[in-house]
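Participant: One structure coming up, written as structure tokens, with questions to follow.
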Amino acid sequence: MNDAVKMFIVLAGVTTTCGLLLAGAHDLTRERIVTQQLRYIKGPAIRTVLSDATNDPLLDRRVVAVSGKEVTLFFGKKGGRVTSIALETAAQGYAGPVHIISGFDPESGTCTAIAVALSQETPGIGSRITGDAFTGSFTGLDPATAAALRKDGGTIDGVGGATVSSRAVCSAVAAAQKLFKEIRPSISEVERENAHQ
Amino acid sequence: MLINDFTRGLWEQIPPFRLVLGLCPTLAVTSTVTGGAGMGIATTFVLVCSNVLISVLRPVIHPKVRIAVFIVIIATFVVFVEMATQAWAYPVYQLLGIFIPLIVVNCIILGRAEAFASKHTVVRSFFDGLGMGMGFTLSLAVIGLLRELLGSGTIAGRALFGPSFLPCTLMAKAPGAFITIGCFLAIMNGIDERKRSIK
């Protein structure tokens with residue numbers, strides 16, 4: 001056989017086999033990797049938001065499609081009843097995107113709690129948005145009032161000296177409120193599906 | 001002979017000190033003992049697997065495309081390791097980060113493939129890979145242990161000294177890695193010199 005052909009066959013054979021093996025390994029580990037990423041990166045924030053849940057909200061998650069986008073919902077349950085539903089949104093902060101987990105009461109749509117999942121705000125200044133004093137002010141926000149800073153005509157007191165970061169949290173929560181409103185009609189359906197599992 | 005293949009990597013040709021290969025991970029991830037040992041184990045796995053497979057494929061690997069084939073095989077095992085650490089040991093993955101995919105370009109692995117596995121039997125290649133890998137793991141773990149102890153006063157994250165301990169932060173940074181490796185090289189060369197003068 002021609003030398004060049006032999007070379008071609010060896011290289012093509014090895015790369016194809018490796019490609020197939022990797023595709024198989026990817027399929028096997030994908031689900032677990034997503035769970036692990038949630039657990040270690042966003043898990044702590046999700047648990048803070050759904051702190052009174054007795055189930056593991058990371059396992060009780062559902063992906064729903066809202067206006068073309070996929071949103072992952074985390075269900076916080078207590079005694080088999082869904083008490084709070086959390087979802088993630090992000091907004092541009094001072095030093096990159098600020099990812100927020102917002103929890104909502106499935107019945108009233110009231111915000112139950114929020115937590116910062118990921119942010120790179122300036123340590124000591126913008127980073128104070130992660131404090132309970134600030135995140136706590138979103139608890140009880142009713143669905144009719146979009147989250148906004150007081151100086152933007154809203155109800156939330158921003159963190160002093162960190163307006164950009166505070167505003168990012170507000171817009172992320174406002175986006176979550178809007179998203180939740182769109183999702184709410186289909187939630188009972190999702191819940192029923194969840195119960196079947 | 002097999003025992004020689006195995007022990008060669010543990011002293012005579014211990015990778016970071018004797019071959020002075022694989023310095024990138026040696027400098028980058030040894031600020032803690034967990035990081036060093038984790039990187040060592042990941043590298044050992046890739047090294048053993050690639051050595052064995054390359055040795056098995058030895059008769060069919062065309063000499064003109066051998067480097068490309070070696071790299072494809074090594075890269076495949078590295079991606080396996082990356083997926084596995086993400087799926088089962090996420091904290092280790094967070095610790096090692098970009099340095100896991102970079103195992104592909106670790107000179108030790110390609111070096112052993114080219115210099116040993118492509119010329120020797122499967123069993124010998126296995127022991128060569130295992131020895132080299134364990135030598136690498138041992139070196140990284142010891143460097144990590146010293147740097148973590150001096151640089152942050154902890155071992156595997158557990159504080160050893162009271163709150164009055166002032167860590168030598170230099171040791172946790174890259175210069176600390178160079179200093180540690182330099183000291184080890186000096187000690188090892190010293191031992192060898194003494195051995196030779198006794199002879």
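Every chain in the structure tokens has a letter given in the order shown (A, B, ...), and although residue numbers restart at 1 in each chain, ligands are simply numbered from 1 in the order shown.
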Residues of chain A near chain B: apply a cut-off of 12 Å, count only C-alpha atoms, and supply the list as an mmCIF file with C-alpha atoms, in the first residue's frame.
Facilitator:
data_model
loop_
_atom_site.group_PDB
_atom_site.id
_atom_site.type_symbol
_atom_site.label_atom_id
_atom_site.label_comp_id
_atom_site.auth_asym_id
_atom_site.auth_seq_id
_atom_site.Cartn_x
_atom_site.Cartn_y
_atom_site.Cartn_z
ATOM 1 C CA ASP A 3 2.887 5.151 2.179
ATOM 2 C CA ALA A 4 0.724 8.270 2.169
ATOM 3 C CA VAL A 5 -2.481 6.227 2.204
ATOM 4 C CA LYS A 6 -1.248 4.175 5.170
ATOM 5 C CA MET A 7 -0.395 7.377 7.027
ATOM 6 C CA PHE A 8 -3.845 8.739 6.297
ATOM 7 C CA ILE A 9 -5.618 5.586 7.462
ATOM 8 C CA VAL A 10 -3.689 5.422 10.748
ATOM 9 C CA LEU A 11 -4.290 9.051 11.665
ATOM 10 C CA ALA A 12 -7.931 9.025 10.545
ATOM 11 C CA GLY A 13 -8.581 5.794 12.426
ATOM 12 C CA VAL A 14 -7.050 7.023 15.672
ATOM 13 C CA THR A 15 -8.779 10.424 15.590
ATOM 14 C CA THR A 16 -12.180 8.915 14.734
ATOM 15 C CA THR A 17 -11.958 6.361 17.533
ATOM 16 C CA CYS A 18 -10.878 9.007 20.028
ATOM 17 C CA GLY A 19 -13.676 11.309 18.877
ATOM 18 C CA LEU A 20 -16.296 8.617 19.341
ATOM 19 C CA LEU A 21 -14.975 7.666 22.776
ATOM 20 C CA LEU A 22 -15.015 11.302 23.899
ATOM 21 C CA ALA A 23 -18.562 11.787 22.627
ATOM 22 C CA GLY A 24 -19.613 8.766 24.654
ATOM 23 C CA ALA A 25 -17.850 10.015 27.782
ATOM 24 C CA HIS A 26 -19.422 13.440 27.315
ATOM 25 C CA ASP A 27 -22.898 11.934 27.174
ATOM 26 C CA LEU A 28 -22.209 9.854 30.267
ATOM 27 C CA THR A 29 -20.942 12.712 32.413
ATOM 28 C CA ARG A 30 -22.987 15.689 31.128
ATOM 29 C CA GLU A 31 -25.872 15.350 33.548
ATOM 30 C CA ARG A 32 -23.551 14.921 36.556
ATOM 31 C CA ILE A 33 -21.347 17.838 35.534
ATOM 32 C CA VAL A 34 -24.349 20.187 35.332
ATOM 33 C CA THR A 35 -25.424 19.072 38.810
ATOM 34 C CA GLN A 36 -21.906 19.493 40.204
ATOM 35 C CA GLN A 37 -21.563 22.975 38.702
ATOM 36 C CA LEU A 38 -24.885 23.940 40.249
ATOM 37 C CA ARG A 39 -23.907 22.462 43.589
ATOM 38 C CA TYR A 40 -20.541 24.180 43.914
ATOM 39 C CA ILE A 41 -21.048 27.450 42.052
#
Participant: When you look at range 82-89 of chain A with a cut-off of 9 Å (counting only C-alpha atoms), what residues show up, excluding the ones that are within fewer than 5 positions of it in the same chain? I need them as a ChimeraX atom specification.
Facilitator: /A:46,49-50,52-53,57,71-77,98-107,111-114,117,172-173,175-176,179-180,191
Participant: Name the residues in contact with Val105 in chain B at a cut-off of 12 Å, using only C-alpha atoms, excluding same-chain residues fewer than 6 positions from it; report them as a ChimeraX atom specification.
Facilitator: /B:21-25,43,46-47,70-72,74-75,78,99,111
Participant: One decimal, in Å: what's the spacing between CA of Ala65 in chain A and CA of Ile183 in chain A?
Facilitator: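 Atom-to-atom, CA of Ala65 in chain A and CA of Ile183 in chain A are spaced 8.6 Å apart.
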Participant: Could you list, as a PyMOL selection string, every residue within 8 Å of range 90-97 of chain A, counting only C-alpha atoms and ignoring same-chain residues fewer than 2 positions away?
Facilitator: chain A and resi 88+99-100+118-122+126+164-165+167-169+171-172
Participant: Among chain B, which residues carry a DSSP assignment of strand (DSSP E), reported as a list in words?
Facilitator: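 Strand (DSSP E) members of chain B, listed: Thr154, Ile155, Arg158 and Ala159 of chain B.
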Participant: Kindly indicate which residue among A:Arg184, A:Arg61, A:Lys178, A:Arg128 lies nearest to Ala146 in chain A, using only C-alpha atoms for the distances.
Facilitator: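 Using only C-alpha atoms, Ala146 in chain A sits closest to A:Lys178.
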Participant: Go through B:Ile143, B:Leu130, B:Ala113, B:Ala159 one by one, measure the shortest atom-to-atom distance of each to Phe178 in chain B using only C-alpha atoms, and give the residue with the smallest value.
Facilitator: B:Ile143
Participant: To one decimal place in Å, what is the distance between CA of Asp152 in chain A and CA of Ser166 in chain A?
Facilitator: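 Interatomic distance, CA of Asp152 in chain A to CA of Ser166 in chain A: 11.3 Å.
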